[in-house]
file coords-v6.txt (compact mmCIF, C-alpha atoms)
# COMPACT_ATOMS: atom_id res chain seq x y z
CA LYS A 1 -30.62 24.35 7.43
CA VAL A 2 -28.58 21.87 9.45
CA CYS A 3 -25.72 23.39 11.45
CA ILE A 4 -22.56 21.90 12.92
CA LEU A 5 -19.69 23.45 14.83
CA VAL A 6 -16.39 23.62 12.92
CA GLY A 7 -13.02 25.24 13.46
CA VAL A 8 -11.34 27.71 11.15
CA CYS A 9 -9.08 26.58 8.30
CA PHE A 10 -8.90 27.06 4.54
CA GLY A 11 -12.11 25.59 3.13
CA PHE A 12 -13.39 24.65 6.61
CA VAL A 13 -14.70 21.05 6.29
CA SER A 14 -16.75 20.47 3.14
CA ASN A 15 -14.86 22.69 0.71
CA ARG A 16 -11.49 21.50 1.98
CA MET A 17 -12.55 17.91 1.33
CA SER A 18 -14.07 18.86 -2.02
CA LEU A 19 -10.74 20.21 -3.28
CA LYS A 20 -9.18 16.78 -2.69
CA TYR A 21 -12.13 15.13 -4.42
CA GLN A 22 -11.83 17.41 -7.45
CA GLN A 23 -8.09 16.86 -7.51
CA GLN A 24 -8.61 13.13 -7.97
CA VAL A 25 -11.10 13.83 -10.75
CA GLU A 26 -8.39 15.79 -12.54
CA PHE A 27 -5.88 12.97 -12.11
CA LEU A 28 -8.38 10.36 -13.33
CA LEU A 29 -9.05 12.45 -16.46
CA GLU A 30 -5.33 12.80 -17.08
CA GLU A 31 -4.71 9.08 -16.61
CA GLY A 32 -7.38 7.74 -18.94
CA ALA A 33 -10.97 8.39 -17.84
CA LEU A 34 -13.37 10.81 -19.53
CA PRO A 35 -15.99 13.08 -17.91
CA ALA A 36 -18.98 10.87 -18.73
CA GLN A 37 -17.38 7.76 -17.23
CA ILE A 38 -16.42 9.55 -14.02
CA ASP A 39 -19.86 11.11 -13.61
CA LYS A 40 -21.67 7.85 -14.32
CA ALA A 41 -19.51 5.88 -11.86
CA LEU A 42 -20.17 8.32 -9.04
CA LYS A 43 -23.87 8.63 -9.82
CA ASP A 44 -24.14 4.84 -9.85
CA PHE A 45 -22.51 4.95 -6.39
CA GLY A 46 -25.34 7.26 -5.38
CA PHE A 47 -24.28 10.87 -5.87
CA ALA A 48 -27.01 13.12 -7.27
CA MET A 49 -24.58 14.63 -9.77
CA GLY A 50 -21.15 13.75 -11.08
CA PRO A 51 -18.22 16.11 -10.41
CA CYS A 52 -17.88 17.23 -14.04
CA GLU A 53 -21.59 18.01 -14.27
CA MET A 54 -21.32 19.86 -10.97
CA ALA A 55 -18.38 21.91 -12.27
CA ASP A 56 -20.46 22.89 -15.30
CA LEU A 57 -23.37 23.87 -13.05
CA ALA A 58 -21.19 25.95 -10.72
CA GLY A 59 -19.28 27.50 -13.62
CA ILE A 60 -15.81 26.75 -14.98
CA ASP A 61 -15.06 30.47 -14.60
CA VAL A 62 -15.71 30.22 -10.85
CA PHE A 63 -13.03 27.54 -10.54
CA HIS A 64 -10.72 29.69 -12.71
CA ASN A 65 -11.16 32.61 -10.31
CA ILE A 66 -10.53 30.45 -7.23
CA ARG A 67 -7.44 28.98 -8.87
CA ALA A 68 -6.13 32.42 -9.83
CA GLU A 69 -6.50 33.59 -6.22
CA GLN A 70 -4.72 30.49 -4.92
CA ILE A 71 -1.81 31.10 -7.30
CA LYS A 72 -1.69 34.77 -6.30
CA GLU A 73 -1.59 33.82 -2.60
CA GLY A 74 1.10 31.19 -3.19
CA GLN A 75 -1.16 28.34 -2.14
CA ILE A 76 -0.55 26.46 -5.39
CA VAL A 77 2.09 26.68 -8.12
CA GLU A 78 1.06 27.16 -11.74
CA GLY A 79 1.52 23.93 -13.69
CA ALA A 80 2.04 21.70 -10.64
CA PRO A 81 0.15 18.38 -10.64
CA GLY A 82 -3.37 18.47 -9.28
CA THR A 83 -3.80 22.24 -9.45
CA GLY A 84 -6.63 22.47 -11.99
CA SER A 85 -4.57 22.94 -15.14
CA LEU A 86 -6.93 20.74 -17.20
CA GLN A 87 -10.00 22.70 -16.15
CA GLU A 88 -8.06 25.88 -16.91
CA LYS A 89 -7.70 24.66 -20.50
CA LEU A 90 -11.49 24.44 -20.73
CA TYR A 91 -11.73 28.00 -19.45
CA GLN A 92 -9.14 29.24 -21.94
CA ALA A 93 -11.14 27.52 -24.71
CA GLY A 94 -14.16 29.62 -23.70
CA ARG A 95 -15.99 26.72 -22.04
CA LEU A 96 -17.64 28.22 -18.96
CA GLY A 97 -20.19 25.48 -18.24
CA MET A 98 -23.96 25.58 -18.46
CA LYS A 99 -24.02 29.38 -18.52
CA ASN A 100 -22.68 29.50 -22.09
CA GLY A 101 -23.70 26.01 -23.21
CA LYS A 102 -20.28 24.38 -23.10
CA GLY A 103 -18.00 23.13 -20.36
CA PHE A 104 -17.07 19.51 -19.70
CA TYR A 105 -20.20 18.84 -21.76
CA LYS A 106 -22.26 20.79 -24.27
CA TYR A 107 -25.84 21.90 -23.64
CA GLU A 108 -28.65 22.79 -25.98
CA LYS A 109 -30.12 26.26 -25.44
CA GLY A 110 -32.47 26.22 -22.46
CA SER A 111 -31.51 22.66 -21.48
CA ARG A 112 -29.47 21.31 -18.58
CA LYS A 113 -29.03 17.91 -20.21
CA ALA A 114 -25.31 17.17 -20.48
CA VAL A 115 -24.24 15.95 -23.93
CA GLU A 116 -20.79 14.45 -24.50
CA ASP A 117 -18.59 16.66 -26.66
CA PRO A 118 -15.76 15.20 -28.81
CA LEU A 119 -13.94 18.52 -28.48
CA VAL A 120 -13.57 17.92 -24.74
CA THR A 121 -12.18 14.45 -25.39
CA ASP A 122 -9.59 16.07 -27.68
CA ILE A 123 -8.67 18.61 -24.98
CA VAL A 124 -8.34 15.91 -22.31
CA VAL A 125 -6.25 13.56 -24.47
CA ALA A 126 -3.99 16.41 -25.64
CA HIS A 127 -3.53 17.51 -22.02
CA SER A 128 -2.41 14.00 -21.00
CA LYS A 129 0.07 13.93 -23.88
CA GLU A 130 1.39 17.37 -22.97
CA ARG A 131 2.06 16.21 -19.40
CA GLY A 132 3.70 13.00 -20.59
CA ILE A 133 1.03 10.76 -19.08
CA GLY A 134 0.24 7.49 -20.85
CA ARG A 135 -3.51 6.98 -20.82
CA ARG A 136 -4.89 3.64 -19.57
CA LYS A 137 -8.21 1.94 -18.98
CA ILE A 138 -9.62 2.91 -15.59
CA SER A 139 -12.39 0.92 -13.93
CA ASP A 140 -15.49 2.46 -12.37
CA GLU A 141 -14.45 0.88 -9.07
CA GLU A 142 -11.13 2.73 -9.12
CA ILE A 143 -12.92 6.00 -9.90
CA VAL A 144 -15.27 5.62 -6.93
CA GLN A 145 -12.59 4.47 -4.51
CA ARG A 146 -10.12 7.21 -5.40
CA CYS A 147 -12.71 9.96 -5.09
CA VAL A 148 -14.45 8.67 -1.96
CA PHE A 149 -11.37 7.43 -0.09
CA GLN A 150 -9.67 10.75 -0.73
CA LEU A 151 -12.64 12.34 1.06
CA VAL A 152 -12.19 9.86 3.90
CA ASN A 153 -8.46 10.50 4.26
CA GLU A 154 -8.87 14.28 4.31
CA ALA A 155 -11.79 14.04 6.72
CA SER A 156 -9.63 11.94 9.03
CA THR A 157 -6.98 14.68 9.02
CA ILE A 158 -9.70 17.28 9.71
CA LEU A 159 -10.83 15.27 12.76
CA ALA A 160 -7.26 14.93 13.99
CA GLU A 161 -6.83 18.72 13.73
CA LYS A 162 -10.09 19.22 15.71
CA ILE A 163 -11.58 21.26 12.85
CA ALA A 164 -14.56 18.95 13.25
CA VAL A 165 -15.43 17.31 16.55
CA ARG A 166 -17.15 14.10 15.47
CA ALA A 167 -17.16 11.87 12.40
CA SER A 168 -20.93 12.31 12.19
CA ASP A 169 -20.47 16.09 11.85
CA VAL A 170 -18.36 15.56 8.75
CA ASP A 171 -20.97 13.17 7.37
CA VAL A 172 -23.73 15.73 7.93
CA CYS A 173 -21.75 18.29 5.90
CA TRP A 174 -21.52 15.96 2.93
CA LEU A 175 -25.02 14.53 3.18
CA TYR A 176 -26.74 17.91 3.30
CA GLY A 177 -24.27 20.08 1.41
CA PHE A 178 -22.69 17.97 -1.32
CA GLY A 179 -25.21 15.28 -2.19
CA PHE A 180 -23.32 12.32 -0.75
CA PRO A 181 -25.66 9.33 -1.10
CA VAL A 182 -27.87 9.11 1.97
CA ARG A 183 -27.96 5.32 1.84
CA ARG A 184 -24.16 5.33 2.31
CA GLY A 185 -24.45 7.40 5.49
CA GLY A 186 -21.71 9.93 4.73
CA PRO A 187 -18.00 9.47 3.87
CA LEU A 188 -16.84 8.35 7.32
CA PHE A 189 -19.87 6.18 8.08
CA TYR A 190 -19.30 4.54 4.71
CA ALA A 191 -15.62 3.99 5.53
CA ASP A 192 -16.63 2.26 8.76
CA THR A 193 -18.99 -0.05 6.82
CA VAL A 194 -16.25 -0.91 4.31
CA GLY A 195 -13.78 -1.49 7.13
CA LEU A 196 -10.92 0.88 7.93
CA PRO A 197 -8.17 -1.70 7.26
CA SER A 198 -9.54 -2.09 3.73
CA VAL A 199 -9.75 1.68 3.25
CA LEU A 200 -6.18 2.16 4.48
CA GLY A 201 -4.96 -0.61 2.19
CA SER A 202 -6.58 1.11 -0.80
CA ILE A 203 -5.05 4.46 0.15
CA ARG A 204 -1.59 2.89 0.24
CA LYS A 205 -2.27 1.17 -3.10
CA PHE A 206 -3.28 4.43 -4.78
CA GLY A 207 -0.23 6.14 -3.32
CA ALA A 208 1.92 3.62 -5.19
CA LEU A 209 0.52 4.74 -8.57
CA PRO A 210 2.85 6.86 -10.72
CA GLY A 211 2.90 10.46 -9.52
CA GLN A 212 0.41 9.86 -6.70
CA ALA A 213 2.61 9.34 -3.62
CA GLU A 214 2.37 12.92 -2.30
CA PHE A 215 -1.42 12.94 -2.62
CA TRP A 216 -2.09 9.76 -0.67
CA THR A 217 -0.20 10.10 2.60
CA PRO A 218 -2.39 8.15 5.04
CA SER A 219 -3.88 10.21 7.83
CA PRO A 220 -2.15 9.34 11.13
CA LEU A 221 -5.57 9.16 12.80
CA LEU A 222 -6.74 6.59 10.27
CA GLU A 223 -3.59 4.53 10.83
CA ASP A 224 -4.09 4.77 14.60
CA LEU A 225 -7.72 3.66 14.39
CA VAL A 226 -6.74 0.68 12.25
CA ALA A 227 -3.98 -0.27 14.69
CA LYS A 228 -6.46 -0.14 17.58
CA GLY A 229 -9.28 -1.84 15.69
CA LYS A 230 -11.60 1.13 16.16
CA PRO A 231 -14.03 2.84 13.72
CA PHE A 232 -14.41 6.54 12.98
CA ALA A 233 -17.61 6.40 15.06
CA SER A 234 -15.42 6.04 18.14
CA VAL A 235 -13.93 9.51 17.62
CA VAL A 236 -15.81 11.87 19.95
call {"tool": "encode", "arguments": {"input": "coords-v6.txt", "output": "structure tokens"}}
result
Amino acid sequence: KVCILVGVCFGFVSNRMSLKYQQQVEFLLEEGALPAQIDKALKDFGFAMGPCEMADLAGIDVFHNIRAEQIKEGQIVEGAPGTGSLQEKLYQAGRLGMKNGKGFYKYEKGSRKAVEDPLVTDIVVAHSKERGIGRRKISDEEIVQRCVFQLVNEASTILAEKIAVRASDVDVCWLYGFGFPVRRGGPLFYADTVGLPSVLGSIRKFGALPGQAEFWTPSPLLEDLVAKGKPFASVV
């Protein structure tokens, strides 16, 4: 076990960031990507598993229960963008993940090998149509940047709120707990290697996409670091 000191908030550090990550996965599926493309793009980046495979492993029913509690507590509104409505459709279709052999993928009995399922493609495409979203071709680069830079932006807000003390503490959470690629050094170390001005520019670009403005408000700490020419590593 590797321990770090964190403050108290909903989701603490890792799970709070993960919700933003999963939210972008939902948007990418709605806008034109499919589970296999998203998972491959993020595994090629270095993740041990893709987010759709991970959801199947954890259990679609687990996400359903979390979502139901959030709705009950007034934390999210049923049907609002980015609140897991696509994954809920999988649950309602009886797709619980690996535990019953069908989730984002299908699985042969006794196997954990994910197999693409045309029925899931139908569910995803129908969901996009229902929400009035025109599907488009999405590049692997966009998939990686939207998922990873959303982690970076939320982590920056977490640092600003003093929920985590150092950027390296956030990186440790994701390296040891969520399979972030070790060679990338963690979300914030990676952001420093990319260059924070570039990361901020991408965040503003994604916020200009249809329906994305409210989900890509740049963290004030990130903007301040860019203005001062400092990296996340300087936050202590």
call {"tool": "atom_distance", "arguments": {"input": "coords-v6.txt", "atom1": "CA of Leu221 in chain A", "atom2": "CA of Glu161 in chain A"}}
result
9.7 Å
call {"tool": "residues_around", "arguments": {"input": "coords-v6.txt", "residues": "Leu151 in chain A", "least_positions_apart": "4", "cutoff": "10 Å", "atoms": "all atoms listed in the file", "output": "list of chain:residue names"}}
result
A:Ser14, A:Arg16, A:Met17, A:Ser18, A:Leu19, A:Lys20, A:Tyr21, A:Gln22, A:Gln24, A:Gln145, A:Arg146, A:Cys147, A:Ala155, A:Ser156, A:Trp174, A:Pro187, A:Leu188, A:Ala191
call {"tool": "closest_residue", "arguments": {"input": "coords-v6.txt", "among": "A:Phe178, A:Cys173, A:Lys162, A:Val152", "to": "Pro218 in chain A", "atoms": "all atoms listed in the file"}}
result
A:Val152
call {"tool": "closest_atom_pairs", "arguments": {"input": "coords-v6.txt", "of": "range 124-165 of chain A", "to": "range 81-94 of chain A", "cutoff": "9 Å", "atoms": "all atoms listed in the file", "output": "tab-separated table"}}
result
residue	atom	partner	partner_atom	distance
A:Val124	CA	A:Leu86	CA	7.2
A:His127	CA	A:Leu86	CA	6.7
A:Ser128	CA	A:Leu86	CA	9.0
call {"tool": "atom_distance", "arguments": {"input": "coords-v6.txt", "atom1": "CA of Leu57 in chain A", "atom2": "CA of Gly103 in chain A"}}
result
9.1 Å
call {"tool": "closest_residue", "arguments": {"input": "coords-v6.txt", "among": "A:Ala233, A:Val148, A:Ile123, A:Ile163", "to": "Cys9 in chain A", "atoms": "all atoms listed in the file"}}
result
A:Ile163
call {"tool": "residues_around", "arguments": {"input": "coords-v6.txt", "residues": "Pro220 in chain A", "least_positions_apart": "3", "cutoff": "9 Å", "atoms": "all atoms listed in the file", "output": "list of chain:residue names"}}
result
A:Ser156, A:Thr157, A:Ala160, A:Thr217, A:Glu223, A:Asp224, A:Leu225
call {"tool": "closest_residue", "arguments": {"input": "coords-v6.txt", "among": "A:Val226, A:Ala126, A:Met49, A:Leu34", "to": "Lys113 in chain A", "atoms": "all atoms listed in the file"}}
result
A:Met49
call {"tool": "closest_residue", "arguments": {"input": "coords-v6.txt", "among": "A:Gly46, A:Gly32, A:Gly201, A:Gly101", "to": "Arg183 in chain A", "atoms": "only C-alpha atoms"}}
result
A:Gly46
call {"tool": "residues_around", "arguments": {"input": "coords-v6.txt", "residues": "Gly132 in chain A", "least_positions_apart": "6", "cutoff": "12 Å", "atoms": "all atoms listed in the file", "output": "PyMOL selection string"}}
result
chain A and resi 30-31+81+125-126+210-211
call {"tool": "atom_distance", "arguments": {"input": "coords-v6.txt", "atom1": "CA of Ala68 in chain A", "atom2": "CA of Asp56 in chain A"}}
result
18.1 Å
call {"tool": "closest_residue", "arguments": {"input": "coords-v6.txt", "among": "A:Glu214, A:Asp171, A:Asp140, A:Glu108", "to": "Ile38 in chain A", "atoms": "only C-alpha atoms"}}
result
A:Asp140
call {"tool": "residues_around", "arguments": {"input": "coords-v6.txt", "residues": "Val235 in chain A", "least_positions_apart": "4", "cutoff": "9 Å", "atoms": "only C-alpha atoms", "output": "ChimeraX atom specification"}}
result
/A:159,165-167,230-231
call {"tool": "decode", "arguments": {"input": "coords-v6.txt", "residues": "range 29-97 of chain A", "atoms": "C-alpha atoms", "output": "compact mmCIF listing (two decimals), in the first residue's frame"}}
result
# COMPACT_ATOMS: atom_id res chain seq x y z
CA LEU A 29 -19.55 7.61 -27.16
CA GLU A 30 -22.47 9.95 -27.75
CA GLU A 31 -20.54 12.03 -30.27
CA GLY A 32 -19.26 9.23 -32.49
CA ALA A 33 -16.74 6.89 -30.86
CA LEU A 34 -17.43 3.27 -29.90
CA PRO A 35 -16.18 1.34 -26.84
CA ALA A 36 -13.42 -0.55 -28.66
CA GLN A 37 -11.93 2.62 -30.17
CA ILE A 38 -11.90 4.43 -26.83
CA ASP A 39 -10.35 1.50 -25.00
CA LYS A 40 -7.71 0.94 -27.67
CA ALA A 41 -6.73 4.63 -27.76
CA LEU A 42 -6.22 4.77 -24.00
CA LYS A 43 -4.41 1.44 -23.85
CA ASP A 44 -2.11 2.61 -26.66
CA PHE A 45 -1.45 5.68 -24.48
CA GLY A 46 -0.39 3.26 -21.76
CA PHE A 47 -3.37 2.47 -19.54
CA ALA A 48 -3.59 -1.18 -18.47
CA MET A 49 -7.30 -1.26 -19.29
CA GLY A 50 -9.69 0.93 -21.21
CA PRO A 51 -12.57 2.65 -19.37
CA CYS A 52 -15.29 0.52 -20.98
CA GLU A 53 -13.46 -2.70 -20.12
CA MET A 54 -12.97 -1.36 -16.59
CA ALA A 55 -16.69 -0.61 -16.28
CA ASP A 56 -17.47 -4.19 -17.31
CA LEU A 57 -14.98 -5.52 -14.75
CA ALA A 58 -16.35 -3.36 -11.93
CA GLY A 59 -19.95 -4.07 -12.92
CA ILE A 60 -22.47 -1.92 -14.79
CA ASP A 61 -24.86 -2.51 -11.87
CA VAL A 62 -22.36 -0.87 -9.50
CA PHE A 63 -22.43 2.31 -11.60
CA HIS A 64 -26.24 2.08 -11.71
CA ASN A 65 -26.37 1.99 -7.91
CA ILE A 66 -23.97 4.93 -7.55
CA ARG A 67 -25.99 6.91 -10.08
CA ALA A 68 -29.26 6.12 -8.33
CA GLU A 69 -27.82 7.37 -5.03
CA GLN A 70 -26.55 10.57 -6.68
CA ILE A 71 -30.01 11.24 -8.15
CA LYS A 72 -31.62 10.53 -4.78
CA GLU A 73 -29.25 12.97 -3.05
CA GLY A 74 -29.81 15.63 -5.71
CA GLN A 75 -26.21 15.55 -6.86
CA ILE A 76 -27.22 14.92 -10.47
CA VAL A 77 -30.46 15.35 -12.43
CA GLU A 78 -31.93 12.42 -14.34
CA GLY A 79 -31.41 12.89 -18.08
CA ALA A 80 -28.92 15.76 -17.78
CA PRO A 81 -25.83 15.55 -20.02
CA GLY A 82 -22.90 13.60 -18.63
CA THR A 83 -24.84 11.80 -15.90
CA GLY A 84 -24.45 8.20 -17.07
CA SER A 85 -27.67 7.86 -19.05
CA LEU A 86 -25.97 5.76 -21.76
CA GLN A 87 -24.55 3.31 -19.25
CA GLU A 88 -27.99 3.20 -17.63
CA LYS A 89 -29.39 1.96 -20.94
CA LEU A 90 -26.93 -0.95 -20.81
CA TYR A 91 -28.12 -1.74 -17.29
CA GLN A 92 -31.77 -1.60 -18.33
CA ALA A 93 -30.94 -3.98 -21.20
CA GLY A 94 -29.65 -6.48 -18.62
CA ARG A 95 -25.99 -5.89 -19.46
CA LEU A 96 -24.17 -6.00 -16.11
CA GLY A 97 -20.62 -6.53 -17.36
